[in-house]
Each structure stands twice: as structure tokens, then as C-alpha cells.
>>> print(open('model_10.cif').read())   # mmCIF, C-alpha atoms
data_protein
#
loop_
_atom_site.group_PDB
_atom_site.id
_atom_site.type_symbol
_atom_site.label_atom_id
_atom_site.label_comp_id
_atom_site.auth_asym_id
_atom_site.auth_seq_id
_atom_site.Cartn_x
_atom_site.Cartn_y
_atom_site.Cartn_z
ATOM 1 C CA MET A 19 6.550 -84.799 -109.735
ATOM 2 C CA GLU A 20 3.549 -84.907 -112.010
ATOM 3 C CA THR A 21 3.915 -86.233 -115.515
ATOM 4 C CA VAL A 22 3.632 -84.089 -118.638
ATOM 5 C CA LEU A 23 0.325 -85.783 -119.337
ATOM 6 C CA GLU A 24 -1.065 -85.010 -115.867
ATOM 7 C CA ALA A 25 -0.026 -81.390 -116.237
ATOM 8 C CA ALA A 26 -1.659 -81.244 -119.642
ATOM 9 C CA THR A 27 -4.938 -82.668 -118.357
ATOM 10 C CA LYS A 28 -5.352 -80.082 -115.618
ATOM 11 C CA GLU A 29 -8.284 -77.781 -116.098
ATOM 12 C CA VAL A 30 -8.108 -74.005 -115.726
ATOM 13 C CA ASN A 31 -9.402 -74.134 -112.142
ATOM 14 C CA GLY A 32 -6.513 -76.401 -111.142
ATOM 15 C CA THR A 33 -8.389 -79.671 -110.791
ATOM 16 C CA VAL A 34 -7.344 -82.656 -112.844
ATOM 17 C CA ALA A 35 -9.791 -83.385 -115.641
ATOM 18 C CA GLU A 36 -11.552 -86.723 -115.386
ATOM 19 C CA LYS A 37 -11.323 -87.514 -119.092
ATOM 20 C CA LYS A 38 -8.262 -89.490 -120.038
ATOM 21 C CA PRO A 39 -7.258 -89.826 -123.682
ATOM 22 C CA THR A 40 -8.453 -92.877 -125.582
ATOM 23 C CA VAL A 41 -5.475 -95.017 -126.546
ATOM 24 C CA ILE A 42 -5.470 -97.928 -128.985
ATOM 25 C CA PHE A 43 -2.321 -100.033 -129.341
ATOM 26 C CA VAL A 44 -1.646 -101.170 -132.919
ATOM 27 C CA LEU A 45 0.416 -104.352 -133.148
ATOM 28 C CA GLY A 46 1.439 -106.613 -136.007
ATOM 29 C CA GLY A 47 4.571 -108.151 -137.463
ATOM 30 C CA PRO A 48 6.851 -106.387 -139.955
ATOM 31 C CA GLY A 49 4.986 -106.122 -143.259
ATOM 32 C CA SER A 50 1.527 -106.670 -141.760
ATOM 33 C CA GLY A 51 0.340 -103.313 -143.165
ATOM 34 C CA LYS A 52 -0.064 -101.447 -139.861
ATOM 35 C CA GLY A 53 1.140 -98.103 -141.234
ATOM 36 C CA THR A 54 -1.263 -98.130 -144.191
ATOM 37 C CA GLN A 55 -4.238 -98.998 -141.990
ATOM 38 C CA CYS A 56 -3.289 -96.405 -139.359
ATOM 39 C CA ALA A 57 -3.336 -93.730 -142.088
ATOM 40 C CA ASN A 58 -6.850 -94.877 -143.072
ATOM 41 C CA ILE A 59 -8.062 -94.766 -139.446
ATOM 42 C CA VAL A 60 -6.640 -91.236 -139.012
ATOM 43 C CA GLN A 61 -8.437 -90.099 -142.155
ATOM 44 C CA HIS A 62 -11.795 -91.738 -141.374
ATOM 45 C CA PHE A 63 -12.032 -91.547 -137.587
ATOM 46 C CA GLY A 64 -9.911 -88.546 -136.589
ATOM 47 C CA TYR A 65 -7.322 -90.327 -134.464
ATOM 48 C CA THR A 66 -3.752 -89.069 -134.042
ATOM 49 C CA HIS A 67 -1.189 -91.680 -135.107
ATOM 50 C CA LEU A 68 1.878 -91.950 -132.878
ATOM 51 C CA SER A 69 4.701 -94.229 -133.944
ATOM 52 C CA ALA A 70 7.142 -94.984 -131.123
ATOM 53 C CA GLY A 71 9.969 -95.494 -133.648
ATOM 54 C CA ASP A 72 9.241 -92.183 -135.408
ATOM 55 C CA LEU A 73 9.216 -90.308 -132.085
ATOM 56 C CA LEU A 74 12.594 -91.787 -131.113
ATOM 57 C CA ARG A 75 14.058 -90.941 -134.537
ATOM 58 C CA ALA A 76 12.685 -87.373 -134.346
ATOM 59 C CA GLU A 77 14.176 -86.910 -130.875
ATOM 60 C CA ILE A 78 17.599 -88.091 -132.142
ATOM 61 C CA LYS A 79 17.347 -85.738 -135.129
ATOM 62 C CA SER A 80 16.477 -82.789 -132.861
ATOM 63 C CA GLY A 81 19.990 -82.949 -131.393
ATOM 64 C CA SER A 82 18.645 -82.639 -127.831
ATOM 65 C CA GLU A 83 20.514 -84.089 -124.860
ATOM 66 C CA ASN A 84 17.814 -86.782 -124.665
ATOM 67 C CA GLY A 85 18.253 -87.504 -128.394
ATOM 68 C CA THR A 86 22.021 -87.919 -128.010
ATOM 69 C CA MET A 87 21.476 -90.330 -125.117
ATOM 70 C CA ILE A 88 19.019 -92.378 -127.229
ATOM 71 C CA GLN A 89 21.446 -92.452 -130.175
ATOM 72 C CA ASN A 90 24.320 -93.589 -127.939
ATOM 73 C CA MET A 91 22.213 -96.417 -126.514
ATOM 74 C CA ILE A 92 21.232 -97.586 -129.999
ATOM 75 C CA ASN A 93 24.874 -97.402 -131.155
ATOM 76 C CA GLU A 94 25.896 -99.570 -128.195
ATOM 77 C CA GLY A 95 23.196 -102.098 -129.077
ATOM 78 C CA LYS A 96 21.260 -101.338 -125.895
ATOM 79 C CA ILE A 97 17.466 -101.224 -125.678
ATOM 80 C CA VAL A 98 16.060 -97.751 -125.061
ATOM 81 C CA PRO A 99 14.393 -97.837 -121.604
ATOM 82 C CA SER A 100 10.588 -97.946 -121.578
ATOM 83 C CA GLU A 101 10.418 -94.711 -119.587
ATOM 84 C CA VAL A 102 12.228 -92.776 -122.340
ATOM 85 C CA THR A 103 9.776 -93.908 -125.037
ATOM 86 C CA ILE A 104 6.795 -93.366 -122.718
ATOM 87 C CA LYS A 105 7.934 -89.786 -121.979
ATOM 88 C CA LEU A 106 8.058 -89.067 -125.723
ATOM 89 C CA LEU A 107 4.583 -90.581 -126.167
ATOM 90 C CA GLN A 108 3.224 -88.549 -123.239
ATOM 91 C CA ARG A 109 4.654 -85.349 -124.660
ATOM 92 C CA ALA A 110 3.184 -86.068 -128.102
ATOM 93 C CA ILE A 111 -0.216 -86.807 -126.529
ATOM 94 C CA ALA A 112 -0.132 -83.622 -124.449
ATOM 95 C CA GLU A 113 0.926 -81.444 -127.406
ATOM 96 C CA SER A 114 -1.454 -82.887 -129.992
ATOM 97 C CA GLY A 115 -4.713 -81.246 -128.906
ATOM 98 C CA ASN A 116 -6.529 -84.501 -129.697
ATOM 99 C CA ASP A 117 -8.017 -86.962 -127.205
ATOM 100 C CA LYS A 118 -7.760 -90.221 -129.171
ATOM 101 C CA PHE A 119 -4.576 -91.926 -130.282
ATOM 102 C CA LEU A 120 -3.261 -94.901 -132.205
ATOM 103 C CA ILE A 121 0.058 -95.987 -130.689
ATOM 104 C CA ASP A 122 1.914 -98.017 -133.283
ATOM 105 C CA GLY A 123 4.828 -100.372 -132.556
ATOM 106 C CA PHE A 124 4.524 -100.034 -128.783
ATOM 107 C CA PRO A 125 4.420 -101.797 -126.365
ATOM 108 C CA ARG A 126 7.029 -104.119 -127.863
ATOM 109 C CA ASN A 127 7.091 -106.395 -124.828
ATOM 110 C CA GLU A 128 5.493 -107.035 -121.451
ATOM 111 C CA GLU A 129 7.904 -104.697 -119.652
ATOM 112 C CA ASN A 130 6.901 -101.838 -122.017
ATOM 113 C CA ARG A 131 3.230 -102.605 -121.419
ATOM 114 C CA ALA A 132 3.463 -102.657 -117.608
ATOM 115 C CA ALA A 133 5.571 -99.474 -117.553
ATOM 116 C CA PHE A 134 3.149 -97.611 -119.856
ATOM 117 C CA GLU A 135 0.132 -98.418 -117.677
ATOM 118 C CA ASP A 136 2.061 -97.675 -114.489
ATOM 119 C CA VAL A 137 3.448 -94.316 -115.658
ATOM 120 C CA THR A 138 0.447 -92.966 -117.589
ATOM 121 C CA LYS A 139 -2.346 -94.694 -115.625
ATOM 122 C CA ILE A 140 -3.936 -95.351 -119.032
ATOM 123 C CA GLU A 141 -5.152 -98.740 -120.217
ATOM 124 C CA PRO A 142 -5.793 -99.080 -123.942
ATOM 125 C CA ALA A 143 -9.417 -99.171 -125.081
ATOM 126 C CA PHE A 144 -8.329 -102.187 -127.104
ATOM 127 C CA VAL A 145 -5.439 -103.634 -129.105
ATOM 128 C CA LEU A 146 -5.744 -103.750 -132.886
ATOM 129 C CA PHE A 147 -3.730 -106.815 -133.911
ATOM 130 C CA PHE A 148 -2.921 -107.255 -137.602
ATOM 131 C CA HIS A 149 -2.397 -110.966 -138.042
ATOM 132 C CA CYS A 150 -0.533 -112.171 -141.119
ATOM 133 C CA SER A 151 1.447 -115.316 -141.967
ATOM 134 C CA GLU A 152 5.228 -115.129 -141.966
ATOM 135 C CA GLU A 153 5.277 -116.135 -145.672
ATOM 136 C CA GLU A 154 2.979 -113.258 -146.649
ATOM 137 C CA MET A 155 4.943 -110.704 -144.606
ATOM 138 C CA GLU A 156 8.191 -111.946 -146.174
ATOM 139 C CA ARG A 157 6.700 -111.605 -149.650
ATOM 140 C CA ARG A 158 5.518 -108.056 -148.975
ATOM 141 C CA LEU A 159 8.769 -106.874 -147.413
ATOM 142 C CA LEU A 160 10.887 -108.317 -150.216
ATOM 143 C CA SER A 161 8.671 -106.827 -152.910
ATOM 144 C CA ARG A 162 8.443 -103.304 -151.493
ATOM 145 C CA ASN A 163 11.175 -101.120 -152.833
ATOM 146 C CA GLN A 164 11.790 -98.567 -150.105
ATOM 147 C CA GLY A 165 15.533 -98.910 -150.063
ATOM 148 C CA ARG A 166 15.475 -100.299 -146.542
ATOM 149 C CA GLU A 167 18.678 -102.180 -145.776
ATOM 150 C CA ASP A 168 16.847 -104.401 -143.305
ATOM 151 C CA ASP A 169 14.523 -105.824 -145.980
ATOM 152 C CA ASN A 170 16.595 -108.912 -146.708
ATOM 153 C CA ILE A 171 15.440 -112.434 -145.932
ATOM 154 C CA GLU A 172 17.719 -113.102 -142.910
ATOM 155 C CA THR A 173 16.904 -109.801 -141.232
ATOM 156 C CA ILE A 174 13.197 -110.155 -141.968
ATOM 157 C CA ARG A 175 13.119 -113.589 -140.315
ATOM 158 C CA LYS A 176 15.015 -112.250 -137.314
ATOM 159 C CA ARG A 177 12.556 -109.329 -136.974
ATOM 160 C CA PHE A 178 9.634 -111.739 -137.241
ATOM 161 C CA LYS A 179 11.112 -113.984 -134.510
ATOM 162 C CA VAL A 180 11.662 -110.978 -132.207
ATOM 163 C CA PHE A 181 8.068 -109.879 -132.800
ATOM 164 C CA LEU A 182 6.718 -113.319 -131.909
ATOM 165 C CA GLU A 183 8.825 -113.664 -128.770
ATOM 166 C CA SER A 184 8.308 -110.115 -127.479
ATOM 167 C CA SER A 185 4.881 -108.967 -128.624
ATOM 168 C CA LEU A 186 2.799 -112.134 -128.390
ATOM 169 C CA PRO A 187 2.851 -112.072 -124.550
ATOM 170 C CA VAL A 188 1.421 -108.514 -124.741
ATOM 171 C CA ILE A 189 -1.334 -109.708 -127.080
ATOM 172 C CA GLU A 190 -2.056 -112.663 -124.797
ATOM 173 C CA HIS A 191 -2.283 -110.355 -121.764
ATOM 174 C CA TYR A 192 -4.895 -108.138 -123.417
ATOM 175 C CA ASN A 193 -6.667 -111.129 -124.954
ATOM 176 C CA SER A 194 -7.279 -112.453 -121.444
ATOM 177 C CA ARG A 195 -9.001 -109.118 -120.764
ATOM 178 C CA GLU A 196 -11.044 -109.387 -123.997
ATOM 179 C CA LYS A 197 -9.305 -106.314 -125.397
ATOM 180 C CA VAL A 198 -7.802 -107.739 -128.597
ATOM 181 C CA ARG A 199 -9.420 -107.070 -131.981
ATOM 182 C CA LYS A 200 -7.712 -109.455 -134.386
ATOM 183 C CA ILE A 201 -7.716 -108.490 -138.071
ATOM 184 C CA ASP A 202 -6.839 -110.868 -140.908
ATOM 185 C CA ALA A 203 -4.184 -108.693 -142.583
ATOM 186 C CA ALA A 204 -3.318 -111.104 -145.420
ATOM 187 C CA ARG A 205 -6.135 -109.745 -147.632
ATOM 188 C CA PRO A 206 -6.080 -106.726 -149.982
ATOM 189 C CA ILE A 207 -5.829 -103.311 -148.270
ATOM 190 C CA GLU A 208 -9.480 -102.352 -148.949
ATOM 191 C CA GLU A 209 -10.809 -105.601 -147.480
ATOM 192 C CA VAL A 210 -8.621 -105.251 -144.405
ATOM 193 C CA PHE A 211 -9.900 -101.708 -143.872
ATOM 194 C CA GLU A 212 -13.517 -102.897 -144.070
ATOM 195 C CA SER A 213 -12.761 -105.145 -141.065
ATOM 196 C CA VAL A 214 -11.004 -102.260 -139.306
ATOM 197 C CA LYS A 215 -13.998 -99.974 -139.930
ATOM 198 C CA ALA A 216 -16.305 -102.596 -138.398
ATOM 199 C CA VAL A 217 -14.190 -102.577 -135.218
ATOM 200 C CA PHE A 218 -14.248 -98.783 -134.947
ATOM 201 C CA THR A 219 -17.925 -98.339 -135.767
ATOM 202 C CA SER A 220 -18.840 -100.931 -133.138
ATOM 203 C CA LYS A 221 -16.915 -98.665 -130.732
ATOM 204 C CA ASP A 222 -19.422 -95.874 -131.562
ATOM 205 C CA GLU A 223 -16.827 -93.900 -133.494
ATOM 206 C CA LYS A 224 -18.274 -91.503 -136.029
ATOM 207 C CA ALA A 225 -16.453 -91.274 -139.330
ATOM 208 C CA VAL A 226 -15.081 -87.799 -140.035
#
>>> encode(input="model_10.cif", output="C-alpha cells")
Amino acid sequence: METVLEAATKEVNGTVAEKKPTVIFVLGGPGSGKGTQCANIVQHFGYTHLSAGDLLRAEIKSGSENGTMIQNMINEGKIVPSEVTIKLLQRAIAESGNDKFLIDGFPRNEENRAAFEDVTKIEPAFVLFFHCSEEEMERRLLSRNQGREDDNIETIRKRFKVFLESSLPVIEHYNSREKVRKIDAARPIEEVFESVKAVFTSKDEKAV
């Protein structure tokens, strides 16, 4: 069985197109400003922003059989299998009409990473890692007023610990392959984006 992505990359004459989509993983702890910077990259460089969490939530909301299964797993405190999230990402990639993507909040751990590369046969061009101290992320999360129940100090610290334990091995893996672009995310938004722009322009991206 071919994947959705393989089907989508077939040319009219039936041969599989050589060009794979460009994928950039965007990682950073809660409150590191990933979402804001992703919006800037979309606007300036024409990428499509895919948030793994948003795709899962949208699938649940759709009321599909898959969505019900995801909701049940979350209700039971189980982790949604990598393959489920990867299928949603593949579908979004295939349906977008674009060929370059920011994948935000995924892979969350080494198992996610290995499964993504195995299933899609895509390696990220690089990983954009927004580095920020725990104190600064705490300050930001507590000061933002988005009505999120999980923005209390105990939950924030738990989320930060999970991020460190799960995502740092992913960052270390790609670092060993010289694929990590580390951004100091503790600065004002405009300054952070200047550093982000430098990364993308060195990748020969043209601003749109």
C-alpha cells in the first residue's frame, strides 16, 4: 500500500516525482514563541505551517471514526500512536498544494522522529530550535491571558520537564547530523525573527 504522500507525488504519466517536499521541524519548550515565529516565516517565506496538535484537534472535531479513536485514547490518558499523527501530517502535506512545510510540535520524541522518517522517507532540511530559559518561559506563560487552564505554575513545570526529557534526544540526534539551527528565543520578537530570517536566507529562500 502506498502512502497518501506517495500517491500525491505521482506525476500524470504514473512515475513518482523525484522532488520531495521540504520539511523543517520547529521545536522549543512551551512559551518559547514558536507559534509567533512560524506565522512570520509563513508570511515572509511562503511555507505552510502544520501544527501536529492542531491537526489532531481538527480530526477530533470532524467527528470521523479516526477522530473518535484519537479522543478515546486521550481520554484514557494514552499517547496517540506516531503513525496516526504522521498520517494526518501526510494528508495535510498532500492536500496543501505547497512543497515546503514547517512542522510544529512534532516529533515530540525519538520514536516519533524514527517513525516519521521511516513512513514518509523524508528527512528534515533542518530543525529550528527555539531555546529559552525555563524562567523566561514561565514568565511568558503566566503573563499571557489566553484562558488556558494548563497555564499554572505546576503544569507549566511539568510540561517543561516533559519537553526536556522527550524532545532533547531528538535535538541531539539532528545536532549530530549538523541539522540544528538554534535560536536564542529569550529576546524580543523582532530580534528573534531577525535571527530566523538569517537562517532562512542562508538556505537560499527568497522572501515573498
>>> closest_residue(input="model_10.cif", among="A:Asn116, A:Ser69, A:Glu77, A:Ile104", to="Lys139 in chain A", atoms="all atoms listed in the file")
A:Ile104
>>> closest_residue(input="model_10.cif", among="A:Pro187, A:Pro48, A:Gly115, A:Gly81", to="Ala132 in chain A", atoms="all atoms listed in the file")
A:Pro187
>>> atom_distance(input="model_10.cif", atom1="CA of Gly51 in chain A", atom2="CA of Asp136 in chain A")
29.3 Å
>>> resolve_selection(input="model_10.cif", expression="the PyMOL selection byres ((chain A and resi 42) around 9)", output="list in words")
Thr40, Val41, Phe43, Val44, Lys118, Phe119, Leu120, Ile121, Asp122, Glu141, Pro142, Ala143, Phe144, Val145 and Leu146 of chain A
>>> resolve_selection(input="model_10.cif", expression="the PyMOL selection byres ((chain A and resi 59-61) around 12)", output="PyMOL selection string")
chain A and resi 42+44+52-58+62-68+116+118-121+146+210-219+223-226
>>> residues_around(input="model_10.cif", residues="Glu101 in chain A", least_positions_apart="2", cutoff="10 Å", atoms="only C-alpha atoms", output="ChimeraX atom specification")
/A:98-99,103-107,130,133-134,137
>>> write_last_selection(input="model_10.cif", atoms="C-alpha atoms", output="PDB file, keeping the file's coordinate frame")
ATOM      1  CA  VAL A  98      16.060 -97.751-125.061  1.00  0.00           C
ATOM      2  CA  PRO A  99      14.393 -97.837-121.604  1.00  0.00           C
ATOM      3  CA  THR A 103       9.776 -93.908-125.037  1.00  0.00           C
ATOM      4  CA  ILE A 104       6.795 -93.366-122.718  1.00  0.00           C
ATOM      5  CA  LYS A 105       7.934 -89.786-121.979  1.00  0.00           C
ATOM      6  CA  LEU A 106       8.058 -89.067-125.723  1.00  0.00           C
ATOM      7  CA  LEU A 107       4.583 -90.581-126.167  1.00  0.00           C
ATOM      8  CA  ASN A 130       6.901-101.838-122.017  1.00  0.00           C
ATOM      9  CA  ALA A 133       5.571 -99.474-117.553  1.00  0.00           C
ATOM     10  CA  PHE A 134       3.149 -97.611-119.856  1.00  0.00           C
ATOM     11  CA  VAL A 137       3.448 -94.316-115.658  1.00  0.00           C
TER      12      VAL A 137
END
>>> atom_distance(input="model_10.cif", atom1="CA of Pro39 in chain A", atom2="CA of Asp117 in chain A")
4.6 Å
>>> atom_distance(input="model_10.cif", atom1="CA of Thr138 in chain A", atom2="CA of Gly49 in chain A")
29.2 Å
>>> closest_residue(input="model_10.cif", among="A:Ser80, A:Ser220, A:Gln89, A:Asn127", to="Ile189 in chain A", atoms="all atoms listed in the file")
A:Asn127
>>> closest_residue(input="model_10.cif", among="A:Arg157, A:Arg199, A:Arg131, A:Arg126", to="Leu182 in chain A", atoms="all atoms listed in the file")
A:Arg126
>>> axis_aligned_box(input="model_10.cif", around="range 68-83 of chain A", padding_each_side="8 Å", output="lines of an AutoDock Vina configuration file")
center_x = 11.2
center_y = -89.1
center_z = -130.1
size_x = 34.6
size_y = 28.9
size_z = 26.5
>>> closest_residue(input="model_10.cif", among="A:Asp202, A:Glu128, A:Met91, A:Lys79", to="Glu190 in chain A", atoms="all atoms listed in the file")
A:Glu128
